[in-house]
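Below you'll find the structure, written out as structure tokens, and then a few comments.
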Amino acid sequence: MKIYLGADHKGYALKEKIKAWLSGWKYSFEDYGAYKYDQMDDYTSYAEKVAPVVADDIHARGILICGSGVGVDVAANKFDGVRASIGKNKEQVRAGRNDDNMNILVIAADFTRDEEAKEMVKVFLETEFSREDRYKKRLDDIAKIEDNN
């Protein structure tokens with residue numbers, strides 16, 4: 001599994017910490033920016049880089065970070081095949097992976113402590129989609145919605 005990271009200026013510091021955690025956990029990742037703190041950058045740039053790569057690879061996962069989480073969440077979910085969601089806590093993230101095959105974890109840097117983020121990232125990467133029939137049906141329903149829009 002490859003992980004793709006993206007964050008604007010508000011998420012930059014947390015993204016750098018996540019990179020260190022991923023390295024320590026021996027995960028392969030690619031950083032799509034921001035590569036330095038730039039208070040004038042926009043979250044849309046990073047969502048637009050990460051989302052299509054994740055959508056095109058069923059084995060990929062993404063982590064996007066901005067201040068509220070809402071901006072990158074909205075932007076990423078504009079791409080067919082993306083199932084991005086803001087992580088609230090590790091239990092919610094586990095449910096999102098297990099039930100909904102969430103493929104992009106969104107973190108609200110302004111509202112998430114480092115330890116909470118670390119727990120959510122770990123659960124996001126370790127939890128597999130359950131593949132229960134009712135959950136697969138829901139994903140098929142979402143694909144149909146995407147096809148019709």
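Every chain in the structure tokens has a letter given in the order shown (A, B, ...), and although residue numbers restart at 1 in each chain, ligands are simply numbered from 1 in the order shown.
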Pick out each residue of chain A that DSSP on the backbone tags as strand (DSSP E or B); I need them as JSON, numbers by chain. {"A": [2, 3, 4, 5, 6, 7, 28, 29, 30, 31, 61, 62, 63, 64, 65, 66, 84, 85, 86, 104, 105, 106, 107, 108]}
Now that the selection is made, can you save its residues with N, CA, C and O atoms as a compact mmCIF listing (two decimals), in the first residue's frame?
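What landed in selection.txt:
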```
# COMPACT_ATOMS: atom_id res chain seq x y z
N LYS A 2 0.54 2.18 -0.85
CA LYS A 2 1.24 3.46 -0.89
C LYS A 2 0.31 4.53 -0.35
O LYS A 2 -0.88 4.54 -0.62
N ILE A 3 0.88 5.45 0.41
CA ILE A 3 0.11 6.53 1.01
C ILE A 3 0.56 7.84 0.37
O ILE A 3 1.76 8.09 0.21
N TYR A 4 -0.43 8.67 0.02
CA TYR A 4 -0.17 9.97 -0.59
C TYR A 4 -0.61 11.05 0.38
O TYR A 4 -1.73 11.00 0.89
N LEU A 5 0.27 12.01 0.62
CA LEU A 5 0.02 13.06 1.60
C LEU A 5 -0.11 14.42 0.94
O LEU A 5 0.61 14.71 -0.03
N GLY A 6 -0.97 15.24 1.49
CA GLY A 6 -1.09 16.62 1.04
C GLY A 6 -1.62 17.49 2.17
O GLY A 6 -2.48 17.05 2.94
N ALA A 7 -1.10 18.71 2.26
CA ALA A 7 -1.54 19.63 3.31
C ALA A 7 -1.24 21.06 2.89
O ALA A 7 -0.22 21.33 2.26
N SER A 28 5.33 3.06 2.89
CA SER A 28 5.78 3.79 1.71
C SER A 28 4.81 4.94 1.47
O SER A 28 3.59 4.74 1.44
N PHE A 29 5.35 6.14 1.29
CA PHE A 29 4.48 7.30 1.08
C PHE A 29 5.13 8.27 0.11
O PHE A 29 6.33 8.22 -0.14
N GLU A 30 4.26 9.13 -0.43
CA GLU A 30 4.72 10.20 -1.30
C GLU A 30 4.09 11.50 -0.82
O GLU A 30 2.88 11.56 -0.59
N ASP A 31 4.90 12.51 -0.69
CA ASP A 31 4.47 13.82 -0.23
C ASP A 31 4.15 14.69 -1.43
O ASP A 31 5.03 14.97 -2.25
N ARG A 61 -3.89 4.86 -0.45
CA ARG A 61 -4.64 5.62 0.53
C ARG A 61 -4.06 7.03 0.56
O ARG A 61 -2.89 7.23 0.27
N GLY A 62 -4.89 7.97 0.94
CA GLY A 62 -4.44 9.35 1.04
C GLY A 62 -4.71 9.93 2.40
O GLY A 62 -5.60 9.48 3.12
N ILE A 63 -3.91 10.90 2.75
CA ILE A 63 -4.12 11.69 3.96
C ILE A 63 -4.02 13.15 3.55
O ILE A 63 -2.99 13.57 3.02
N LEU A 64 -5.09 13.89 3.78
CA LEU A 64 -5.13 15.32 3.47
C LEU A 64 -5.39 16.11 4.74
O LEU A 64 -6.20 15.68 5.59
N ILE A 65 -4.73 17.26 4.84
CA ILE A 65 -4.82 18.05 6.07
C ILE A 65 -4.98 19.52 5.71
O ILE A 65 -4.23 20.04 4.87
N CYS A 66 -5.94 20.15 6.34
CA CYS A 66 -6.06 21.61 6.29
C CYS A 66 -6.59 22.06 7.65
O CYS A 66 -6.74 21.24 8.54
N ALA A 84 -13.43 10.23 0.86
CA ALA A 84 -12.70 10.98 1.87
C ALA A 84 -13.63 11.33 3.02
O ALA A 84 -14.81 11.59 2.80
N SER A 85 -13.06 11.34 4.22
CA SER A 85 -13.86 11.73 5.37
C SER A 85 -12.96 12.32 6.45
O SER A 85 -11.83 11.89 6.63
N ILE A 86 -13.51 13.31 7.13
CA ILE A 86 -12.78 13.93 8.24
C ILE A 86 -12.78 12.95 9.41
O ILE A 86 -13.82 12.46 9.84
N ILE A 104 -9.39 8.13 1.76
CA ILE A 104 -8.63 9.32 2.15
C ILE A 104 -9.08 9.76 3.53
O ILE A 104 -10.25 10.03 3.77
N LEU A 105 -8.11 9.81 4.43
CA LEU A 105 -8.35 10.34 5.76
C LEU A 105 -8.07 11.83 5.72
O LEU A 105 -6.99 12.26 5.30
N VAL A 106 -9.04 12.60 6.17
CA VAL A 106 -8.88 14.05 6.27
C VAL A 106 -8.72 14.40 7.74
O VAL A 106 -9.47 13.91 8.59
N ILE A 107 -7.75 15.24 8.00
CA ILE A 107 -7.51 15.66 9.39
C ILE A 107 -7.62 17.18 9.47
O ILE A 107 -7.03 17.91 8.66
N ALA A 108 -8.37 17.63 10.46
CA ALA A 108 -8.55 19.06 10.73
C ALA A 108 -7.44 19.50 11.68
O ALA A 108 -7.52 19.30 12.89
```
Show me, as a PDB file with C-alpha atoms, in the first residue's frame, the residues that have an atom within 12 Å of Gly11 of chain A when counting only C-alpha atoms, minus same-chain residues fewer than 3 positions from it.
```
ATOM      1  CA  LEU A   5       0.024  13.057   1.602  1.00  0.00           C
ATOM      2  CA  GLY A   6      -1.092  16.622   1.043  1.00  0.00           C
ATOM      3  CA  ALA A   7      -1.541  19.632   3.308  1.00  0.00           C
ATOM      4  CA  ASP A   8      -1.879  23.369   3.059  1.00  0.00           C
ATOM      5  CA  LEU A  14       1.166  17.993  11.176  1.00  0.00           C
ATOM      6  CA  LYS A  15       1.961  16.514   7.754  1.00  0.00           C
ATOM      7  CA  GLU A  16       5.653  16.626   8.605  1.00  0.00           C
ATOM      8  CA  LYS A  17       4.953  14.723  11.839  1.00  0.00           C
ATOM      9  CA  ILE A  18       2.859  12.166   9.942  1.00  0.00           C
ATOM     10  CA  GLY A  33       3.085  19.176  -0.711  1.00  0.00           C
ATOM     11  CA  ALA A  34       3.149  21.665   0.720  1.00  0.00           C
ATOM     12  CA  TYR A  35       6.921  21.329   0.736  1.00  0.00           C
ATOM     13  CA  LYS A  36       7.398  24.426   2.886  1.00  0.00           C
ATOM     14  CA  TYR A  37       5.217  26.655   4.989  1.00  0.00           C
ATOM     15  CA  ASP A  38       3.481  29.189   2.747  1.00  0.00           C
ATOM     16  CA  GLN A  39       0.673  31.091   4.389  1.00  0.00           C
ATOM     17  CA  ASP A  41      -1.160  28.503  -0.425  1.00  0.00           C
ATOM     18  CA  ASP A  42      -4.582  26.947  -1.001  1.00  0.00           C
ATOM     19  CA  TYR A  43      -5.850  23.545   0.149  1.00  0.00           C
ATOM     20  CA  TYR A  46      -3.152  19.505  -2.534  1.00  0.00           C
ATOM     21  CA  ILE A  63      -4.123  11.688   3.964  1.00  0.00           C
ATOM     22  CA  LEU A  64      -5.131  15.315   3.469  1.00  0.00           C
ATOM     23  CA  ILE A  65      -4.824  18.046   6.066  1.00  0.00           C
ATOM     24  CA  CYS A  66      -6.064  21.613   6.290  1.00  0.00           C
ATOM     25  CA  GLY A  67      -7.251  23.839   9.118  1.00  0.00           C
ATOM     26  CA  SER A  68     -10.870  22.740   9.454  1.00  0.00           C
ATOM     27  CA  GLY A  69     -10.586  19.629   7.301  1.00  0.00           C
ATOM     28  CA  GLY A  71     -11.934  22.288   2.468  1.00  0.00           C
ATOM     29  CA  VAL A  72      -9.801  19.314   1.467  1.00  0.00           C
ATOM     30  CA  VAL A 106      -8.884  14.054   6.265  1.00  0.00           C
ATOM     31  CA  ILE A 107      -7.505  15.665   9.386  1.00  0.00           C
ATOM     32  CA  ALA A 108      -8.552  19.056  10.728  1.00  0.00           C
ATOM     33  CA  ALA A 109      -5.200  20.437  11.923  1.00  0.00           C
ATOM     34  CA  ASP A 110      -6.785  23.266  13.920  1.00  0.00           C
ATOM     35  CA  PHE A 111      -8.970  20.877  15.924  1.00  0.00           C
ATOM     36  CA  THR A 112      -6.867  17.714  16.289  1.00  0.00           C
ATOM     37  CA  ARG A 113      -4.133  17.049  18.826  1.00  0.00           C
ATOM     38  CA  ASP A 114      -1.030  15.237  17.586  1.00  0.00           C
ATOM     39  CA  ALA A 117      -3.949  12.328  14.682  1.00  0.00           C
TER      40      ALA A 117
END
```
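The gap separating atom CA of Phe124 of chain A from atom CA of Ala60 of chain A is 11.9 Å, in Å to one decimal.
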Contacts of Lys78 of chain A at 10 Å (only C-alpha atoms; same-chain gap of 5+ positions) as a PyMOL selection string: chain A and resi 47-48+51-52+73+83-84+146
Include C-alpha atoms and write out the residues we just selected as a PDB file, in the first residue's frame.
```
ATOM      1  CA  ALA A  47      -6.549  17.829  -2.693  1.00  0.00           C
ATOM      2  CA  GLU A  48      -6.372  18.041  -6.479  1.00  0.00           C
ATOM      3  CA  ALA A  51      -7.380  12.605  -4.829  1.00  0.00           C
ATOM      4  CA  PRO A  52      -6.973  11.401  -8.442  1.00  0.00           C
ATOM      5  CA  ASP A  73     -12.689  16.956   2.246  1.00  0.00           C
ATOM      6  CA  ARG A  83     -14.230   8.288  -0.302  1.00  0.00           C
ATOM      7  CA  ALA A  84     -12.696  10.981   1.872  1.00  0.00           C
ATOM      8  CA  GLU A 146     -20.966   9.015  -9.645  1.00  0.00           C
TER       9      GLU A 146
END
```
Just give me the gap between atom CA of Gly81 of chain A and atom CA of Lys19 of chain A in Å, one decimal is fine. 24.6 Å
At a cut-off of 12 Å, using only C-alpha atoms, what residues contact Asp140 of chain A? Leave out same-chain residues fewer than 4 positions from it and give the result as a count of residues only. 12
One decimal, in Å: what's the spacing between atom CA of Glu91 of chain A and atom CA of Val74 of chain A?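 Atom CA of Val74 of chain A lies at a distance of 21.9 Å from atom CA of Glu91 of chain A.
The closest residue to Asp99 of chain A, picked from A:Ser45, A:Asn149, A:Asn77, A:Thr127 and counting only C-alpha atoms, is A:Thr127.
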